[in-house]
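See structure below.
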Amino acid sequence: MPLPLSDTALEDVKLVSLREFVDERGSFMELFRAGTYHGLPGQTGSFVQDNFSSSRRDVLRGLHFQHPNGQGKLVRAVYGSVYDVTVDIRAGSPSFGQWQAITLRHDKPQQLWVPPGYAHGFLVLSDFALVEYKCTEYYSPETESCLYWNDPHLGIDWPTDAPLVSEKDRNGQTLKQLLEAGRCPRYE
């Protein structure tokens, strides 16, 4: 059965609608079936790693990416809600530097496909949130970069005045700095 994909504001970033079966006992969802996820836009390999985070309100994680060894990510809010942001960082892309935000919520069964070439992060909107994501490449600290979450040239409209941010994320670089340092992947 083909994946029910919905377009988003950014090329190749897609929303995947999950089918939830609900009855008097509770609910059931199939979260992943390898064969149905092959061929997502920009996907270059199979999923090889699962990540899981727990965070409280106003925690901001991101904006992260790897180059080379770009990670495609399939993101889902297991509990709570998050303001999920993707930024096109592919040098030469028609949408280079553009961003979008989508609210992912546990009570709306969806996954967000973020292909390699996009920086990704999220802000927790609920009191507490659990987020899981499958990755197409292993985590590689040597190739990881951090796009500054509050890059003034991007103008991301984060719905908080005082996010809780890690030291690594506080010290992220602007998109201009990443581009000048050759850290951005090329658009193909």
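Chains: A, B, ... in order of the structure tokens. Residues: from 1 per chain. Ligands: from 1, in order shown.
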_Report as a PyMOL selection string all protein, DNA and RNA residues lying within 9 Å of region 144-146 of chain A, evaluated on only C-alpha atoms, omitting residues in the same chain fewer than 3 positions from it._
chain A and resi 62-70+119+139-141+149+168-169+171-174+178+183
*Can you tell me, as a PyMOL selection string, what residues are no more than 7 Å from Val131 (chain A) when counting only C-alpha atoms, ignoring any on the same chain fewer than 5 positions away?*
chain A and resi 52-54+76-78
*Can you list, as a ChimeraX atom specification, all residues belonging to region 8-175 of chain A that DSSP tags as strand (DSSP E or B)?*
/A:14-17,20-23,26-29,49-56,59-66,73-79,81-88,91,99-105,110-114,118-124,128-135,144-147,164-165,173
_Can you pull out every residue from region 7-185 of chain A that DSSP, working from the backbone, puts in alpha helix (DSSP H), and format the result as a list in words?_
Ala34, Gly35, Thr36, Tyr37, Glu167, Lys168, Asp169, Arg170, Leu175, Lys176, Gln177, Leu178, Leu179 and Glu180 of chain A
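Shortest atom-to-atom contact with Tyr187 (chain A) among A:Ala129, A:Val165, A:Leu112, A:Ile89: A:Ile89, counting only C-alpha atoms.
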*Would you kindly return, as a VMD selection string, each protein, DNA or RNA residue with an atom no farther than 9 Å from any atom of Thr160 (chain A), considering only C-alpha atoms and excluding same-chain residues fewer than 6 positions away?*
chain A and resid 58 123 125
_Just want the 9 Å neighbourhood of Glu188 (chain A), counted on only C-alpha atoms, with same-chain residues fewer than 4 positions away dropped. Output as a PyMOL selection string._
chain A and resi 90+92-93
For the selection you just gave me, I'd like the residues written to a file as an mmCIF file, in the first residue's frame, keeping N, CA, C and O atoms.
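What ended up in result-v4.cif:
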```
data_model
loop_
_atom_site.group_PDB
_atom_site.id
_atom_site.type_symbol
_atom_site.label_atom_id
_atom_site.label_comp_id
_atom_site.auth_asym_id
_atom_site.auth_seq_id
_atom_site.Cartn_x
_atom_site.Cartn_y
_atom_site.Cartn_z
ATOM 1 N N ARG A 90 20.518 23.446 1.401
ATOM 2 C CA ARG A 90 21.199 22.946 0.202
ATOM 3 C C ARG A 90 21.648 24.121 -0.659
ATOM 4 O O ARG A 90 20.827 24.809 -1.262
ATOM 5 N N GLY A 92 22.526 26.355 -3.512
ATOM 6 C CA GLY A 92 22.065 26.350 -4.896
ATOM 7 C C GLY A 92 20.613 25.945 -5.066
ATOM 8 O O GLY A 92 20.071 26.011 -6.164
ATOM 9 N N SER A 93 19.958 25.549 -3.996
ATOM 10 C CA SER A 93 18.552 25.158 -4.071
ATOM 11 C C SER A 93 17.678 26.393 -4.289
ATOM 12 O O SER A 93 17.964 27.457 -3.738
#
```
*asked:* Report, in Å with one decimal, the straight-line distance from CA of Asp127 (chain A) to CA of Trp158 (chain A).
replied: 16.5 Å
List the spatial neighbours of Asp88 (chain A) as a PDB file with C-alpha atoms, in the first residue's frame - criterion: any atom at most 7 Å away, only C-alpha atoms, same-chain residues fewer than 4 positions off excluded.
```
ATOM      1  CA  SER A  95      14.421  27.354  -1.627  1.00  0.00           C
ATOM      2  CA  PHE A  96      17.841  27.748   0.059  1.00  0.00           C
ATOM      3  CA  GLY A  97      17.409  29.426   3.447  1.00  0.00           C
ATOM      4  CA  GLN A  98      13.637  28.991   3.515  1.00  0.00           C
ATOM      5  CA  TRP A  99      12.040  27.398   6.551  1.00  0.00           C
ATOM      6  CA  GLY A 117      19.982  18.559   3.039  1.00  0.00           C
ATOM      7  CA  TYR A 118      17.632  20.124   5.561  1.00  0.00           C
ATOM      8  CA  ALA A 119      18.426  21.303   9.080  1.00  0.00           C
TER       9      ALA A 119
END
```
Excluding Asp157 (chain A) and residues on its chain fewer than 6 positions from it, collect all residues at most 10 Å away from it, counting only C-alpha atoms, and give them as a PDB file with N, CA and C atoms, in the first residue's frame.
```pdb
ATOM      1  N   VAL A  85      10.576  22.381  13.013  1.00  0.00           N
ATOM      2  CA  VAL A  85      11.089  23.317  12.005  1.00  0.00           C
ATOM      3  C   VAL A  85      12.104  22.620  11.109  1.00  0.00           C
ATOM      4  N   TRP A  99      12.398  28.279   5.449  1.00  0.00           N
ATOM      5  CA  TRP A  99      12.040  27.398   6.551  1.00  0.00           C
ATOM      6  C   TRP A  99      10.533  27.198   6.596  1.00  0.00           C
ATOM      7  N   GLN A 100      10.155  26.145   7.285  1.00  0.00           N
ATOM      8  CA  GLN A 100       8.740  25.910   7.542  1.00  0.00           C
ATOM      9  C   GLN A 100       8.599  25.325   8.939  1.00  0.00           C
ATOM     10  N   ALA A 101       7.437  25.482   9.512  1.00  0.00           N
ATOM     11  CA  ALA A 101       7.138  24.909  10.822  1.00  0.00           C
ATOM     12  C   ALA A 101       5.818  24.165  10.739  1.00  0.00           C
ATOM     13  N   ASN A 150      18.353  30.795  16.146  1.00  0.00           N
ATOM     14  CA  ASN A 150      17.795  32.147  16.077  1.00  0.00           C
ATOM     15  C   ASN A 150      18.547  33.015  15.063  1.00  0.00           C
TER      16      ASN A 150
END
```
